[in-house]
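Next up, start.txt (compact mmCIF, C-alpha atoms):
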```txt
# COMPACT_ATOMS: atom_id res chain seq x y z
CA MET A 27 148.48 84.01 36.79
CA ASP A 28 151.95 82.51 36.47
CA LEU A 29 154.81 83.80 38.64
CA THR A 30 158.53 83.16 38.95
CA LEU A 31 159.58 83.21 42.60
CA SER A 32 162.68 85.01 43.84
CA ASP A 33 165.95 83.20 44.52
CA GLN A 34 165.56 83.18 48.31
CA THR A 35 161.97 81.92 48.23
CA ALA A 36 162.81 79.43 45.50
CA ARG A 37 165.67 77.98 47.55
CA GLN A 38 163.40 77.62 50.58
CA ILE A 39 160.76 75.80 48.54
CA ALA A 40 163.15 73.52 46.66
CA ASN A 41 165.98 72.90 49.15
CA VAL A 42 164.43 73.36 52.61
CA LEU A 43 160.81 72.29 52.18
CA ARG A 44 161.67 69.98 49.24
CA LEU A 45 158.41 70.68 47.46
CA LYS A 46 157.88 69.58 43.89
CA ARG A 47 155.66 70.14 40.88
CA GLY A 48 151.98 69.86 41.78
CA ASP A 49 152.42 70.84 45.44
CA GLN A 50 150.39 73.72 46.87
CA VAL A 51 151.95 76.74 48.59
CA GLN A 52 150.65 79.88 50.28
CA LEU A 53 152.30 83.11 49.14
CA PHE A 54 152.14 86.67 50.47
CA ASN A 55 153.85 89.95 49.62
CA GLY A 56 153.22 91.87 52.83
CA ASP A 57 150.15 93.83 51.73
CA GLY A 58 147.67 91.94 53.90
CA SER A 59 146.50 89.36 51.36
CA GLU A 60 147.74 85.90 50.51
CA CYS A 61 147.52 83.60 47.52
CA THR A 62 147.12 79.88 47.03
CA ALA A 63 149.42 78.70 44.26
CA GLU A 64 150.44 75.43 42.62
CA ILE A 65 154.07 74.72 41.76
CA THR A 66 154.36 74.17 38.02
CA ASP A 67 158.13 73.86 37.67
CA VAL A 68 161.17 73.59 39.93
CA ARG A 69 164.55 74.46 38.48
CA ARG A 70 167.93 75.32 39.87
CA GLY A 71 167.55 78.82 41.34
CA SER A 72 163.93 79.37 40.35
CA VAL A 73 160.42 78.06 40.99
CA GLU A 74 157.40 78.64 38.75
CA VAL A 75 153.92 78.77 40.29
CA ARG A 76 150.37 79.33 39.09
CA VAL A 77 148.23 81.45 41.38
CA SER A 78 144.69 80.12 41.72
CA GLN A 79 143.07 82.46 44.26
CA ARG A 80 143.77 85.55 46.31
CA GLU A 81 142.15 86.23 49.69
CA PRO A 82 142.60 88.37 52.83
CA GLY A 83 145.24 87.08 55.24
CA LEU A 84 146.01 87.54 58.91
CA ILE A 85 147.30 91.02 59.68
CA GLY A 86 149.23 92.58 62.53
CA MET A 87 147.75 94.06 65.67
CA ARG A 88 145.00 96.64 65.32
CA PRO A 89 145.07 99.31 66.61
CA ALA A 90 148.74 99.49 65.81
CA LEU A 91 151.42 98.56 68.33
CA GLU A 92 154.89 100.01 67.80
CA ILE A 93 157.96 99.04 69.83
CA GLY A 94 160.98 101.29 70.29
CA LEU A 95 163.71 98.94 71.51
CA ALA A 96 167.19 100.11 72.52
CA LEU A 97 170.07 98.37 70.78
CA ILE A 98 171.27 95.33 72.70
CA LYS A 99 173.51 92.41 71.72
CA HIS A 100 172.80 91.42 68.14
CA GLU A 101 171.50 87.92 68.79
CA ARG A 102 169.19 89.15 71.56
CA PHE A 103 167.84 92.02 69.47
CA GLU A 104 167.20 89.66 66.57
CA TRP A 105 165.40 87.20 68.86
CA ALA A 106 163.16 90.01 70.09
CA LEU A 107 162.52 91.15 66.51
CA GLN A 108 161.44 87.65 65.54
CA LYS A 109 159.08 87.26 68.49
CA LEU A 110 157.61 90.76 68.14
CA THR A 111 156.78 89.94 64.53
CA GLU A 112 155.05 86.72 65.60
CA LEU A 113 153.02 88.71 68.15
CA GLY A 114 151.68 91.11 65.53
CA VAL A 115 153.72 94.25 66.27
CA THR A 116 153.33 96.72 63.41
CA ARG A 117 156.58 98.71 63.71
CA VAL A 118 159.95 98.26 65.41
CA ILE A 119 162.29 101.23 65.96
CA PRO A 120 165.87 100.45 67.08
CA LEU A 121 167.01 103.10 69.57
CA THR A 122 170.25 104.55 70.84
CA THR A 123 169.95 105.85 74.40
CA GLU A 124 172.14 107.32 77.11
CA ARG A 125 173.08 103.85 78.39
CA THR A 126 173.25 102.03 75.06
CA VAL A 127 176.61 100.25 74.85
CA LEU A 128 176.19 98.55 71.47
CA SER A 129 176.85 100.34 68.22
CA PHE A 130 177.96 99.55 64.69
CA ARG A 131 179.69 101.57 62.03
CA ALA A 132 177.63 103.69 59.68
CA ASP A 133 178.79 101.63 56.71
CA ARG A 134 177.32 98.51 58.37
CA ALA A 135 173.94 100.08 59.12
CA ALA A 136 172.43 99.18 55.74
CA GLN A 137 173.59 95.56 56.07
CA ARG A 138 172.16 95.30 59.57
CA LEU A 139 168.81 96.75 58.48
CA GLU A 140 168.67 94.34 55.54
CA ARG A 141 169.26 91.41 57.91
CA TRP A 142 166.51 92.64 60.26
CA GLN A 143 164.11 92.85 57.34
CA ARG A 144 164.89 89.26 56.34
CA ILE A 145 164.18 88.18 59.92
CA VAL A 146 160.71 89.77 59.93
CA ILE A 147 159.89 88.21 56.56
CA GLU A 148 160.81 84.75 57.84
CA ALA A 149 158.94 85.31 61.11
CA SER A 150 155.85 86.48 59.22
CA GLU A 151 155.97 83.36 57.05
CA GLN A 152 156.35 81.13 60.09
CA SER A 153 153.50 82.76 62.03
CA GLY A 154 151.11 82.99 59.10
CA ARG A 155 150.65 86.76 59.13
CA ALA A 156 150.22 88.42 55.74
CA THR A 157 151.70 91.79 56.69
CA LEU A 158 155.25 92.77 57.51
CA PRO A 159 156.15 94.99 60.44
CA SER A 160 158.12 98.05 59.50
CA VAL A 161 161.71 97.96 60.78
CA GLU A 162 163.15 101.48 60.91
CA PRO A 163 166.77 102.65 60.78
CA VAL A 164 168.39 103.28 64.15
CA VAL A 165 167.24 106.56 65.73
CA GLU A 166 168.22 108.43 68.88
CA PHE A 167 165.74 108.32 71.75
CA ALA A 168 165.26 112.11 71.81
CA ASP A 169 164.65 112.23 68.05
CA LEU A 170 161.95 109.56 68.28
CA LEU A 171 160.19 111.50 71.04
CA ALA A 172 160.20 114.57 68.82
CA GLU A 173 158.51 112.79 65.89
CA PRO A 174 154.87 113.71 65.36
CA SER A 175 152.73 110.70 66.25
CA ALA A 176 149.11 109.87 66.97
CA ALA A 177 150.17 106.93 69.12
CA ARG A 178 150.00 106.89 72.89
CA THR A 179 153.62 106.68 74.12
CA ILE A 180 154.41 104.52 77.15
CA VAL A 181 157.93 104.19 78.57
CA LEU A 182 158.62 100.89 80.31
CA TRP A 183 160.64 101.93 83.36
CA GLU A 184 161.79 99.68 86.16
CA ASP A 185 161.65 102.53 88.71
CA GLU A 186 157.94 103.11 88.14
CA GLN A 187 156.18 102.01 91.33
CA ALA A 188 152.78 101.26 89.80
CA TYR A 189 152.62 97.90 88.02
CA ASP A 190 149.76 99.11 85.89
CA LEU A 191 150.53 98.45 82.23
CA PRO A 192 147.57 96.05 81.76
CA ARG A 193 145.18 98.68 83.15
CA MET A 194 146.62 101.33 80.82
CA LEU A 195 145.84 99.41 77.65
CA ASP A 196 143.02 100.73 75.51
CA ASP A 197 141.98 100.88 71.86
CA ARG A 198 144.44 103.60 70.82
CA PRO A 199 147.58 103.03 68.72
CA THR A 200 150.43 102.57 71.18
CA LEU A 201 154.19 103.14 71.10
CA LEU A 202 156.04 101.21 73.83
CA LEU A 203 159.62 102.28 74.57
CA VAL A 204 162.05 99.74 76.04
CA GLY A 205 165.52 100.70 77.28
CA PRO A 206 168.88 98.89 77.14
CA GLU A 207 170.54 96.72 79.80
CA GLY A 208 170.89 99.64 82.20
CA GLY A 209 167.40 100.95 81.50
CA PHE A 210 166.46 104.52 80.68
CA SER A 211 168.13 107.24 82.72
CA ALA A 212 166.03 109.47 84.96
CA ALA A 213 166.80 112.36 82.62
CA GLU A 214 165.44 110.43 79.64
CA VAL A 215 162.29 109.52 81.54
CA ASP A 216 161.79 113.17 82.51
CA GLN A 217 162.29 114.19 78.89
CA ALA A 218 159.73 111.63 77.73
CA ARG A 219 157.19 112.82 80.29
CA GLU A 220 157.71 116.42 79.18
CA MET A 221 156.86 115.27 75.63
CA GLY A 222 153.61 113.71 76.85
CA ALA A 223 154.71 110.12 77.43
CA GLU A 224 153.50 107.97 80.32
CA THR A 225 155.54 105.46 82.34
CA ALA A 226 154.66 101.93 83.31
CA SER A 227 156.24 98.87 84.90
CA LEU A 228 155.88 95.18 84.10
CA GLY A 229 156.26 94.18 87.75
CA PRO A 230 158.80 93.89 90.56
CA LEU A 231 161.25 91.58 88.76
CA THR A 232 164.05 92.99 86.62
CA LEU A 233 163.63 91.77 83.05
CA ARG A 234 166.12 91.77 80.21
CA ALA A 235 165.30 94.31 77.52
CA GLU A 236 164.26 91.67 74.98
CA THR A 237 162.10 89.90 77.59
CA ALA A 238 160.37 93.15 78.54
CA ALA A 239 159.60 94.00 74.91
CA VAL A 240 158.13 90.58 74.16
CA ALA A 241 156.21 90.37 77.45
CA ALA A 242 154.64 93.78 76.87
CA ALA A 243 153.69 92.88 73.29
CA ALA A 244 152.10 89.64 74.52
CA MET A 245 150.05 91.62 77.04
CA MET A 246 148.89 93.92 74.27
CA MET A 247 147.95 91.02 71.99
CA ALA A 248 145.96 89.35 74.78
CA HIS A 249 144.19 92.64 75.49
CA ARG A 250 143.30 93.14 71.82
CA LEU A 251 141.98 89.58 71.49
CA THR A 252 139.90 89.98 74.64
CA GLN A 253 138.36 93.16 73.23
CA GLU A 254 137.49 91.39 69.98
CA THR A 255 135.71 88.53 71.75
CA ASP A 256 133.81 90.65 74.32
```
Write-out of the structure in structure tokens:
Amino acid sequence: MDLTLSDQTARQIANVLRLKRGDQVQLFNGDGSECTAEITDVRRGSVEVRVSQREPGLIGMRPALEIGLALIKHERFEWALQKLTELGVTRVIPLTTERTVLSFRADRAAQRLERWQRIVIEASEQSGRATLPSVEPVVEFADLLAEPSAARTIVLWEDEQAYDLPRMLDDRPTLLLVGPEGGFSAAEVDQAREMGAETASLGPLTLRAETAAVAAAAMMMAHRLTQETD
């Protein structure tokens, strides 16, 4: 099957990787499979390839791991989004909370979401996963809690005295909620508990929001891999 690659992918192949006719590439479209293809033509703004085989690729974490991360400074949120994609997170939900200080105008929301989606595509390519995490529009903390979900919800809270997140991990889909610089308020934690959420801590040190999100995802990935090899 012959394909013409999109402008962005074509530019990466021709200008960044400097591949040429006859070179092999691996392609994916986010559905969990990947294709081996041979470049048949490189032109300005487009690349032609011939797909030779299609096979299952590496997918995200199973059972699913979702991260609700409060809005923080753009570059830090984007760093976290990149690393969470590399760690196999299946869904990222940007949150506004009581202590969130960052916001952007409604007319910029679509542009910001488009940029986030480009970041997860690039991170998926870099890490070799054949699925894309879902990146949702910004939602308020209370509205996310009210959404019907089969996932176990765990709020990472620095005032939780038990450092027990590793012991809480099991084979259920999980939604981890991470607050902003000032953390979740006590009222938000109470609200989450009333909705059936649990609380957990990552330890005695105070972590930045993006560090906490990535550290928790790494714990989950290690737990899943250990289960698979036992």
Per-residue nearest contacts of stretch 191-213 of chain A to stretch 229-240 of chain A (8 Å; all atoms listed in the file) as a Markdown table:
```
| residue | atom | partner | partner_atom | distance |
| --- | --- | --- | --- | --- |
| A:Val204 | CA | A:Ala239 | CA | 6.3 |
| A:Gly205 | CA | A:Ala235 | CA | 6.4 |
| A:Pro206 | CA | A:Ala235 | CA | 5.8 |
| A:Glu207 | CA | A:Ala235 | CA | 6.2 |
```
Ranking A:Gln137, A:Gln187, A:Thr200, A:Gln152 by minimum distance to A:Thr111 and counting all atoms listed in the file, which one comes first?
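Of all the options, A:Gln152 lies closest to A:Thr111.
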As a ChimeraX atom specification, please: the residues near stretch 93-102 of chain A (cut-off 7 Å, all atoms listed in the file, same-chain neighbours under 4 positions excluded).
/A:106,117-123,126,128,201-206,236
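Residues in contact with A:Leu191 at up to 9 Å, not including ones fewer than 6 positions away on its chain and judged by all atoms listed in the file, are Ile180, Leu182, Thr225, Ala226, Ser227, Leu228, Ala242 and Met245 of chain A.
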Which residue gives the smallest distance to A:Ala90 among A:Arg144, A:Arg193, A:Arg44, A:Arg198, with all atoms listed in the file counted?
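Looking only at the distances to A:Ala90, the closest residue turns out to be A:Arg198.
Between atom CA of A:Val68 and atom CA of A:Ile147 lies a distance of 22.2 Å.
Across A:Glu104, A:Asp190, A:Asp197, A:Glu166, the tightest approach to A:Glu148 is made by A:Glu104 when counting only C-alpha atoms.
In this structure, atom CA of A:Ser211 sits 23.7 Å away from atom CA of A:Leu91.
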Which residues, written as an mmCIF file with C-alpha atoms, in the frame of the given file, have at least one atom at most 12 Å from A:Leu113, with all atoms listed in the file counted and residues fewer than 5 positions away on the same chain left out?
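Everything below was put into out-v4.cif:
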```cif
data_model
loop_
_atom_site.group_PDB
_atom_site.id
_atom_site.type_symbol
_atom_site.label_atom_id
_atom_site.label_comp_id
_atom_site.auth_asym_id
_atom_site.auth_seq_id
_atom_site.Cartn_x
_atom_site.Cartn_y
_atom_site.Cartn_z
ATOM 1 C CA LEU A 84 146.010 87.540 58.910
ATOM 2 C CA ILE A 85 147.300 91.020 59.680
ATOM 3 C CA GLY A 86 149.230 92.580 62.530
ATOM 4 C CA MET A 87 147.750 94.060 65.670
ATOM 5 C CA ARG A 88 145.000 96.640 65.320
ATOM 6 C CA ALA A 90 148.740 99.490 65.810
ATOM 7 C CA LEU A 91 151.420 98.560 68.330
ATOM 8 C CA GLU A 92 154.890 100.010 67.800
ATOM 9 C CA ILE A 93 157.960 99.040 69.830
ATOM 10 C CA ALA A 106 163.160 90.010 70.090
ATOM 11 C CA LEU A 107 162.520 91.150 66.510
ATOM 12 C CA GLN A 108 161.440 87.650 65.540
ATOM 13 C CA VAL A 146 160.710 89.770 59.930
ATOM 14 C CA ALA A 149 158.940 85.310 61.110
ATOM 15 C CA SER A 150 155.850 86.480 59.220
ATOM 16 C CA GLN A 152 156.350 81.130 60.090
ATOM 17 C CA SER A 153 153.500 82.760 62.030
ATOM 18 C CA GLY A 154 151.110 82.990 59.100
ATOM 19 C CA ARG A 155 150.650 86.760 59.130
ATOM 20 C CA THR A 157 151.700 91.790 56.690
ATOM 21 C CA LEU A 158 155.250 92.770 57.510
ATOM 22 C CA PRO A 159 156.150 94.990 60.440
ATOM 23 C CA ALA A 239 159.600 94.000 74.910
ATOM 24 C CA VAL A 240 158.130 90.580 74.160
ATOM 25 C CA ALA A 241 156.210 90.370 77.450
ATOM 26 C CA ALA A 242 154.640 93.780 76.870
ATOM 27 C CA ALA A 243 153.690 92.880 73.290
ATOM 28 C CA ALA A 244 152.100 89.640 74.520
ATOM 29 C CA MET A 245 150.050 91.620 77.040
ATOM 30 C CA MET A 246 148.890 93.920 74.270
ATOM 31 C CA MET A 247 147.950 91.020 71.990
ATOM 32 C CA ALA A 248 145.960 89.350 74.780
ATOM 33 C CA ARG A 250 143.300 93.140 71.820
ATOM 34 C CA LEU A 251 141.980 89.580 71.490
#
```
Considering only C-alpha atoms, can you say which of A:Ala172, A:Glu224, A:Ile145, A:Thr252 comes closest to A:Ala188?
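Once distances to A:Ala188 are computed over only C-alpha atoms, the minimum belongs to A:Glu224.
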Do a neighbour search on A:Asp216 at 12 Å with all atoms listed in the file, toss out local chain neighbours closer than 6 positions, and write the hits as an NGL selection string.
:A and (168 or 171 or 181 or 183 or 210 or 222-225)
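Take the candidates A:Val164, A:Ser175, A:Arg125, A:Arg141 and check each one against A:Gly208 using all atoms listed in the file; the shortest distance goes to A:Arg125.
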Using all heavy atoms, give me stretch 155-166 of chain A from the structure I just pasted, as a PDB file, in the first residue's frame.
```
ATOM      1  N   ARG A 155       5.958   3.857  21.618  1.00  0.00           N
ATOM      2  CA  ARG A 155       4.618   3.325  21.878  1.00  0.00           C
ATOM      3  C   ARG A 155       3.730   3.597  20.672  1.00  0.00           C
ATOM      4  O   ARG A 155       3.858   4.609  19.990  1.00  0.00           O
ATOM      5  CB  ARG A 155       4.015   3.894  23.162  1.00  0.00           C
ATOM      6  CG  ARG A 155       3.696   5.363  23.148  1.00  0.00           C
ATOM      7  CD  ARG A 155       3.133   5.847  24.480  1.00  0.00           C
ATOM      8  NE  ARG A 155       1.726   5.517  24.660  1.00  0.00           N
ATOM      9  CZ  ARG A 155       0.982   5.921  25.696  1.00  0.00           C
ATOM     10  NH1 ARG A 155       1.544   6.653  26.650  1.00  0.00           N
ATOM     11  NH2 ARG A 155      -0.287   5.596  25.786  1.00  0.00           N
ATOM     12  N   ALA A 156       2.804   2.683  20.419  1.00  0.00           N
ATOM     13  CA  ALA A 156       1.959   2.774  19.233  1.00  0.00           C
ATOM     14  C   ALA A 156       0.561   3.282  19.549  1.00  0.00           C
ATOM     15  O   ALA A 156      -0.318   3.228  18.691  1.00  0.00           O
ATOM     16  CB  ALA A 156       1.871   1.412  18.554  1.00  0.00           C
ATOM     17  N   THR A 157       0.361   3.751  20.763  1.00  0.00           N
ATOM     18  CA  THR A 157      -0.916   4.368  21.134  1.00  0.00           C
ATOM     19  C   THR A 157      -0.654   5.772  21.639  1.00  0.00           C
ATOM     20  O   THR A 157       0.437   6.079  22.113  1.00  0.00           O
ATOM     21  CB  THR A 157      -1.628   3.569  22.236  1.00  0.00           C
ATOM     22  OG1 THR A 157      -0.753   3.450  23.372  1.00  0.00           O
ATOM     23  CG2 THR A 157      -2.013   2.183  21.745  1.00  0.00           C
ATOM     24  N   LEU A 158      -1.666   6.613  21.545  1.00  0.00           N
ATOM     25  CA  LEU A 158      -1.558   7.982  22.038  1.00  0.00           C
ATOM     26  C   LEU A 158      -2.395   8.135  23.298  1.00  0.00           C
ATOM     27  O   LEU A 158      -3.544   7.684  23.337  1.00  0.00           O
ATOM     28  CB  LEU A 158      -2.068   8.973  20.986  1.00  0.00           C
ATOM     29  CG  LEU A 158      -1.309   9.041  19.670  1.00  0.00           C
ATOM     30  CD1 LEU A 158      -2.014  10.009  18.724  1.00  0.00           C
ATOM     31  CD2 LEU A 158       0.123   9.468  19.892  1.00  0.00           C
ATOM     32  N   PRO A 159      -1.851   8.761  24.333  1.00  0.00           N
ATOM     33  CA  PRO A 159      -2.706   9.077  25.479  1.00  0.00           C
ATOM     34  C   PRO A 159      -3.733  10.131  25.089  1.00  0.00           C
ATOM     35  O   PRO A 159      -3.453  11.005  24.259  1.00  0.00           O
ATOM     36  CB  PRO A 159      -1.709   9.625  26.513  1.00  0.00           C
ATOM     37  CG  PRO A 159      -0.580  10.152  25.702  1.00  0.00           C
ATOM     38  CD  PRO A 159      -0.477   9.269  24.499  1.00  0.00           C
ATOM     39  N   SER A 160      -4.878  10.046  25.674  1.00  0.00           N
ATOM     40  CA  SER A 160      -5.896  11.070  25.465  1.00  0.00           C
ATOM     41  C   SER A 160      -5.569  12.286  26.319  1.00  0.00           C
ATOM     42  O   SER A 160      -5.286  12.146  27.503  1.00  0.00           O
ATOM     43  CB  SER A 160      -7.273  10.510  25.847  1.00  0.00           C
ATOM     44  OG  SER A 160      -8.248  11.527  25.863  1.00  0.00           O
ATOM     45  N   VAL A 161      -5.571  13.469  25.714  1.00  0.00           N
ATOM     46  CA  VAL A 161      -5.375  14.715  26.453  1.00  0.00           C
ATOM     47  C   VAL A 161      -6.698  15.478  26.404  1.00  0.00           C
ATOM     48  O   VAL A 161      -7.159  15.878  25.331  1.00  0.00           O
ATOM     49  CB  VAL A 161      -4.248  15.581  25.860  1.00  0.00           C
ATOM     50  CG1 VAL A 161      -4.018  16.807  26.727  1.00  0.00           C
ATOM     51  CG2 VAL A 161      -2.965  14.772  25.738  1.00  0.00           C
ATOM     52  N   GLU A 162      -7.313  15.666  27.558  1.00  0.00           N
ATOM     53  CA  GLU A 162      -8.648  16.239  27.635  1.00  0.00           C
ATOM     54  C   GLU A 162      -8.592  17.769  27.738  1.00  0.00           C
ATOM     55  O   GLU A 162      -7.575  18.335  28.152  1.00  0.00           O
ATOM     56  CB  GLU A 162      -9.381  15.673  28.853  1.00  0.00           C
ATOM     57  CG  GLU A 162      -9.441  14.160  28.891  1.00  0.00           C
ATOM     58  CD  GLU A 162     -10.258  13.581  27.757  1.00  0.00           C
ATOM     59  OE1 GLU A 162     -11.172  14.270  27.263  1.00  0.00           O
ATOM     60  OE2 GLU A 162      -9.968  12.438  27.352  1.00  0.00           O
ATOM     61  N   PRO A 163      -9.684  18.439  27.399  1.00  0.00           N
ATOM     62  CA  PRO A 163      -9.779  19.873  27.697  1.00  0.00           C
ATOM     63  C   PRO A 163      -9.730  20.109  29.199  1.00  0.00           C
ATOM     64  O   PRO A 163     -10.013  19.210  29.997  1.00  0.00           O
ATOM     65  CB  PRO A 163     -11.156  20.255  27.116  1.00  0.00           C
ATOM     66  CG  PRO A 163     -11.479  19.188  26.120  1.00  0.00           C
ATOM     67  CD  PRO A 163     -10.855  17.934  26.653  1.00  0.00           C
ATOM     68  N   VAL A 164      -9.371  21.319  29.579  1.00  0.00           N
ATOM     69  CA  VAL A 164      -9.273  21.669  30.996  1.00  0.00           C
ATOM     70  C   VAL A 164     -10.638  21.514  31.667  1.00  0.00           C
ATOM     71  O   VAL A 164     -11.668  21.920  31.132  1.00  0.00           O
ATOM     72  CB  VAL A 164      -8.766  23.112  31.164  1.00  0.00           C
ATOM     73  CG1 VAL A 164      -8.699  23.498  32.636  1.00  0.00           C
ATOM     74  CG2 VAL A 164      -7.396  23.276  30.507  1.00  0.00           C
ATOM     75  N   VAL A 165     -10.635  20.912  32.870  1.00  0.00           N
ATOM     76  CA  VAL A 165     -11.874  20.682  33.608  1.00  0.00           C
ATOM     77  C   VAL A 165     -11.664  21.096  35.065  1.00  0.00           C
ATOM     78  O   VAL A 165     -10.542  21.024  35.584  1.00  0.00           O
ATOM     79  CB  VAL A 165     -12.296  19.195  33.512  1.00  0.00           C
ATOM     80  CG1 VAL A 165     -11.264  18.292  34.179  1.00  0.00           C
ATOM     81  CG2 VAL A 165     -13.661  18.956  34.124  1.00  0.00           C
ATOM     82  N   GLU A 166     -12.718  21.526  35.719  1.00  0.00           N
ATOM     83  CA  GLU A 166     -12.625  21.855  37.133  1.00  0.00           C
ATOM     84  C   GLU A 166     -12.562  20.577  37.967  1.00  0.00           C
ATOM     85  O   GLU A 166     -13.155  19.553  37.618  1.00  0.00           O
ATOM     86  CB  GLU A 166     -13.821  22.706  37.555  1.00  0.00           C
ATOM     87  CG  GLU A 166     -13.821  24.108  36.957  1.00  0.00           C
ATOM     88  CD  GLU A 166     -14.891  24.997  37.557  1.00  0.00           C
ATOM     89  OE1 GLU A 166     -15.515  24.575  38.557  1.00  0.00           O
ATOM     90  OE2 GLU A 166     -15.097  26.104  37.028  1.00  0.00           O
TER      91      GLU A 166
END
```
